[in-house]
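Asker: Attaching a single structure in structure tokens format; questions to follow.
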Amino acid sequence: MTTTLITGANKGLGFETARRLVAAGHTVYLGSRDAERGRRAAEQLGARAVVIDVTDDASVAAAVRTIDADGGLDALINNAGIAGIEARSQDGAEIGAAVVTAEEMRTVFETNVFGVVRVTHAFLPLLHRSAAPVVVNVSSGLASLANAATPGAPAYFYSGVAYPASKTAVNMITVQYAKALPNIRINAVEPGYTATDLNSHSGTQTVAQGAEIIVRMAQVPPDGPTGGYFDAAGTLPW
């Protein structure tokens, strides 16, 4: 049986991904910063709750010990993420390069980038013991440099800096980890513009639609793709 950890899973895409993977027969650890919210969400799905704050070394280490004691890990889904000031600017105020500060960038990168590295690094010993280890990094279509630089592409019109830059960094992390760890299938995915708390539910997709590519890539076989960037329709340009 496949054992899977999903960070940031007590709501939104993480919760739907957990639901789908439990239904597929996975033993799912539903990761949440808040113990009570995580417990309630896990009970709804038949998953196991684990407290994990991706910005905190001690929290991540405790989650590793818990999952290791229960038998190990086969799949890691790095889903926890924040939009930062770009999510808070709902009044049409400028949020682009002219006004973004280093501190705002640092806050977003702490969760979206350093959190991915912190969690992945901590769980590598457990993943190396799996017969078919998988890592899925939840990225964004806004991370594509090609699309951000192409007039007419949706990413071209997005003026925010911190969030897309953090997800572009996640894409590079994915590529470099995949080259260094060929025994693990490691991919970045773009769920699409999904209605979640991250965007104040302004997204045009349901969480069921958004979770499709996450669930698919969490179940890739040992000879499946690695080091890629995918949405539900296929490969995306970097």
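By order of appearance in the structure tokens: chains A, B, ..., then residues from 1 within every chain, and ligands from 1 in the order shown.
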List the neighbours of segment 214-231 of chain A out to 7 Å using only C-alpha atoms; skip same-chain residues closer than 6 positions along the sequence, and give me the result as a list in words.

Answerer: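 These residues fall inside the cut-off: Thr17, Leu21, Ala75, Ala132, Val134, Val136, Thr174, Val175, Ala178, Arg185, Ile186, Asn187, Ala188, Val189, Glu190 and Pro191 of chain A.
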
Asker: Take the selection from the previous step and output its residues with N, CA and C atoms, as a PDB file, in the first residue's frame.

Answerer:
ATOM      1  N   THR A  17      -7.123  16.458  -2.913  1.00  0.00           N
ATOM      2  CA  THR A  17      -6.127  15.467  -3.294  1.00  0.00           C
ATOM      3  C   THR A  17      -6.101  14.320  -2.292  1.00  0.00           C
ATOM      4  N   LEU A  21      -6.883  10.357  -3.124  1.00  0.00           N
ATOM      5  CA  LEU A  21      -5.873   9.330  -2.905  1.00  0.00           C
ATOM      6  C   LEU A  21      -6.320   8.309  -1.869  1.00  0.00           C
ATOM      7  N   ALA A  75       5.222   8.628  -1.053  1.00  0.00           N
ATOM      8  CA  ALA A  75       4.947   9.794  -1.891  1.00  0.00           C
ATOM      9  C   ALA A  75       4.816  11.041  -1.028  1.00  0.00           C
ATOM     10  N   ALA A 132       9.066   2.676  -4.715  1.00  0.00           N
ATOM     11  CA  ALA A 132       8.624   3.524  -5.829  1.00  0.00           C
ATOM     12  C   ALA A 132       8.352   4.937  -5.321  1.00  0.00           C
ATOM     13  N   VAL A 134       7.959   8.970  -4.862  1.00  0.00           N
ATOM     14  CA  VAL A 134       7.434  10.039  -5.722  1.00  0.00           C
ATOM     15  C   VAL A 134       7.400  11.341  -4.934  1.00  0.00           C
ATOM     16  N   VAL A 136       5.762  15.269  -5.598  1.00  0.00           N
ATOM     17  CA  VAL A 136       4.993  16.189  -6.434  1.00  0.00           C
ATOM     18  C   VAL A 136       5.076  17.570  -5.816  1.00  0.00           C
ATOM     19  N   THR A 174      12.667  21.521  -8.591  1.00  0.00           N
ATOM     20  CA  THR A 174      12.181  20.239  -9.108  1.00  0.00           C
ATOM     21  C   THR A 174      13.164  19.639 -10.098  1.00  0.00           C
ATOM     22  N   VAL A 175      13.620  20.440 -11.036  1.00  0.00           N
ATOM     23  CA  VAL A 175      14.560  19.952 -12.051  1.00  0.00           C
ATOM     24  C   VAL A 175      15.860  19.476 -11.415  1.00  0.00           C
ATOM     25  N   ALA A 178      15.400  16.273  -9.397  1.00  0.00           N
ATOM     26  CA  ALA A 178      15.169  15.125 -10.278  1.00  0.00           C
ATOM     27  C   ALA A 178      16.475  14.630 -10.888  1.00  0.00           C
ATOM     28  N   ARG A 185      10.739   9.757  -8.620  1.00  0.00           N
ATOM     29  CA  ARG A 185      10.001  10.517  -9.647  1.00  0.00           C
ATOM     30  C   ARG A 185       9.616  11.854  -9.016  1.00  0.00           C
ATOM     31  N   ILE A 186      10.178  12.943  -9.532  1.00  0.00           N
ATOM     32  CA  ILE A 186       9.987  14.270  -8.950  1.00  0.00           C
ATOM     33  C   ILE A 186       9.493  15.219 -10.040  1.00  0.00           C
ATOM     34  N   ASN A 187       8.286  15.735  -9.882  1.00  0.00           N
ATOM     35  CA  ASN A 187       7.696  16.597 -10.909  1.00  0.00           C
ATOM     36  C   ASN A 187       6.990  17.795 -10.291  1.00  0.00           C
ATOM     37  N   ALA A 188       6.885  18.865 -11.082  1.00  0.00           N
ATOM     38  CA  ALA A 188       6.111  20.053 -10.714  1.00  0.00           C
ATOM     39  C   ALA A 188       4.805  20.043 -11.483  1.00  0.00           C
ATOM     40  N   VAL A 189       3.729  20.486 -10.833  1.00  0.00           N
ATOM     41  CA  VAL A 189       2.420  20.474 -11.486  1.00  0.00           C
ATOM     42  C   VAL A 189       1.730  21.827 -11.353  1.00  0.00           C
ATOM     43  N   GLU A 190       0.940  22.127 -12.344  1.00  0.00           N
ATOM     44  CA  GLU A 190       0.115  23.340 -12.389  1.00  0.00           C
ATOM     45  C   GLU A 190      -1.345  22.928 -12.298  1.00  0.00           C
ATOM     46  N   PRO A 191      -1.988  23.156 -11.153  1.00  0.00           N
ATOM     47  CA  PRO A 191      -3.388  22.728 -11.011  1.00  0.00           C
ATOM     48  C   PRO A 191      -4.362  23.532 -11.865  1.00  0.00           C
TER      49      PRO A 191
END

Asker: Counting only C-alpha atoms, what is within 9 Å of segment 66-69 of chain A, bar same-chain residues fewer than 6 positions away, as a ChimeraX atom specification?

Answerer: /A:5,29,50,126

Asker: Which distance in Å separates atom CA of Gly96 of chain A and atom CA of Ser139 of chain A, to one decimal?

Answerer: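 Between atom CA of Gly96 of chain A and atom CA of Ser139 of chain A the gap works out to 19.6 Å.
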
Asker: Please provide the set of residues having any atom within 12 Å of Thr120 of chain A, restricted to only C-alpha atoms, with same-chain residues fewer than 4 positions apart removed, written as a PyMOL selection string.

Answerer: chain A and resi 5-7+54+57+60-61+64+73+75-79+113-116+124-128+133-137+170+173-174+177-178+181+184+186

Asker: Between atom CA of Gln176 of chain A and atom CA of Met1 of chain A, measure the distance and give it in Å to one decimal.

Answerer: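 Going from atom CA of Gln176 of chain A over to atom CA of Met1 of chain A covers 28.4 Å.
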
Asker: Pick from A:Ala211, A:Val100, A:Gly46, A:Pro237: nearest to Thr168 of chain A, with only C-alpha atoms counted?

Answerer: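 Among A:Ala211, A:Val100, A:Gly46, A:Pro237, it is A:Pro237 that comes nearest to Thr168 of chain A.
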
Asker: What's around Glu43 of chain A at 12 Å? Count only C-alpha atoms, leave out sequence neighbours fewer than 2 positions away in its own chain, and write the answer as a short mmCIF file (atom, residue, chain, number, x, y, z; two decimals) with N, CA and C atoms, in the first residue's frame.

Answerer:
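After the write, around30.cif holds the following:
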data_model
loop_
_atom_site.label_atom_id
_atom_site.label_comp_id
_atom_site.auth_asym_id
_atom_site.auth_seq_id
_atom_site.Cartn_x
_atom_site.Cartn_y
_atom_site.Cartn_z
N ASN A 10 -5.58 20.49 4.91
CA ASN A 10 -6.84 20.50 5.65
C ASN A 10 -7.96 21.23 4.90
N PHE A 15 -6.86 19.08 0.44
CA PHE A 15 -7.94 18.26 0.98
C PHE A 15 -8.54 17.38 -0.12
N ALA A 18 -6.18 14.64 -1.02
CA ALA A 18 -6.23 13.60 0.02
C ALA A 18 -7.45 12.72 -0.17
N ARG A 19 -8.58 13.33 -0.43
CA ARG A 19 -9.81 12.56 -0.63
C ARG A 19 -9.66 11.57 -1.77
N VAL A 22 -7.07 8.74 -0.86
CA VAL A 22 -7.66 7.77 0.07
C VAL A 22 -8.58 6.82 -0.70
N VAL A 28 -3.01 8.02 3.64
CA VAL A 28 -2.71 9.44 3.47
C VAL A 28 -2.50 10.11 4.82
N TYR A 29 -1.36 10.77 4.93
CA TYR A 29 -1.11 11.68 6.05
C TYR A 29 -1.51 13.08 5.61
N LEU A 30 -2.50 13.61 6.26
CA LEU A 30 -3.02 14.93 5.94
C LEU A 30 -2.28 15.95 6.81
N GLU A 36 -6.08 20.82 15.34
CA GLU A 36 -7.52 20.54 15.39
C GLU A 36 -8.13 20.55 14.00
N ARG A 37 -7.78 21.52 13.19
CA ARG A 37 -8.30 21.53 11.82
C ARG A 37 -7.85 20.31 11.05
N GLY A 38 -6.60 19.93 11.24
CA GLY A 38 -6.10 18.74 10.57
C GLY A 38 -6.81 17.49 11.03
N ARG A 39 -7.06 17.40 12.33
CA ARG A 39 -7.75 16.22 12.86
C ARG A 39 -9.15 16.10 12.27
N ARG A 40 -9.88 17.22 12.24
CA ARG A 40 -11.25 17.19 11.70
C ARG A 40 -11.26 16.81 10.23
N ALA A 41 -10.33 17.38 9.47
CA ALA A 41 -10.27 17.08 8.04
C ALA A 41 -9.92 15.61 7.81
N LEU A 45 -12.14 12.16 5.96
CA LEU A 45 -11.66 11.42 4.79
C LEU A 45 -11.18 10.02 5.09
N GLY A 46 -10.98 9.70 6.35
CA GLY A 46 -10.36 8.43 6.67
C GLY A 46 -8.85 8.48 6.47
N ALA A 47 -8.30 9.68 6.64
CA ALA A 47 -6.86 9.87 6.53
C ALA A 47 -6.26 9.95 7.93
N ARG A 48 -4.94 10.11 8.00
CA ARG A 48 -4.25 10.28 9.27
C ARG A 48 -3.75 11.72 9.36
N ALA A 49 -4.00 12.36 10.46
CA ALA A 49 -3.58 13.75 10.65
C ALA A 49 -2.14 13.79 11.15
N VAL A 50 -1.38 14.75 10.64
CA VAL A 50 -0.04 15.00 11.16
C VAL A 50 0.18 16.51 11.14
#

Asker: Once DSSP has gone over the backbone, tell me which residues of segment 21-183 of chain A are in strand (DSSP E), as a PyMOL selection string.

Answerer: chain A and resi 27-32+48-51+75-78+134-138

Asker: Any chance you can output those residues with C-alpha atoms as a compact mmCIF listing (two decimals), in the first residue's frame?

Answerer:
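Writing the result to part33.txt gives the following:
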# COMPACT_ATOMS: atom_id res chain seq x y z
CA THR A 27 -2.64 5.64 3.36
CA VAL A 28 -2.71 9.44 3.47
CA TYR A 29 -1.11 11.68 6.05
CA LEU A 30 -3.02 14.93 5.94
CA GLY A 31 -0.55 17.63 6.91
CA SER A 32 -1.78 20.79 8.62
CA ARG A 48 -4.25 10.28 9.27
CA ALA A 49 -3.58 13.75 10.65
CA VAL A 50 -0.04 15.00 11.16
CA VAL A 51 0.95 18.47 12.32
CA ALA A 75 4.95 9.79 -1.89
CA LEU A 76 5.40 13.40 -0.81
CA ILE A 77 3.12 16.15 -2.13
CA ASN A 78 4.48 19.62 -1.39
CA VAL A 134 7.43 10.04 -5.72
CA VAL A 135 7.57 13.78 -5.03
CA VAL A 136 4.99 16.19 -6.43
CA ASN A 137 5.68 19.91 -6.11
CA VAL A 138 2.57 22.02 -6.58

Asker: Which of segment 92-147 of chain A end up as alpha helix (DSSP H) when DSSP is run on this backbone - answer as a list in words?

Answerer: Ala102, Glu103, Glu104, Met105, Arg106, Thr107, Val108, Phe109, Glu110, Thr111, Asn112, Phe114, Gly115, Val116, Val117, Arg118, Val119, Thr120, His121, Ala122, Phe123, Leu124, Pro125, Leu126, Leu127, His128, Leu145, Ala146 and Asn147 of chain A

Asker: Rounded to one decimal place, report the atom CA of Gly141 of chain A-atom CA of Glu104 of chain A distance in Å.

Answerer: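 Computing it gives 20.8 Å between the two atoms.
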
Asker: Excluding same-chain residues fewer than 4 positions from Asn147 of chain A, what lies within 12 Å of it counting only C-alpha atoms, as number ranges by chain?

Answerer: A: 140-143, 151-158, 164, 168, 236-238

Asker: Given the choices A:Asp56, A:Ala62, A:Val99, A:Ala148, which gets closest to Arg118 of chain A if the distance is worked out from only C-alpha atoms?

Answerer: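 Of A:Asp56, A:Ala62, A:Val99, A:Ala148, the one nearest Arg118 of chain A is A:Asp56, counting only C-alpha atoms.
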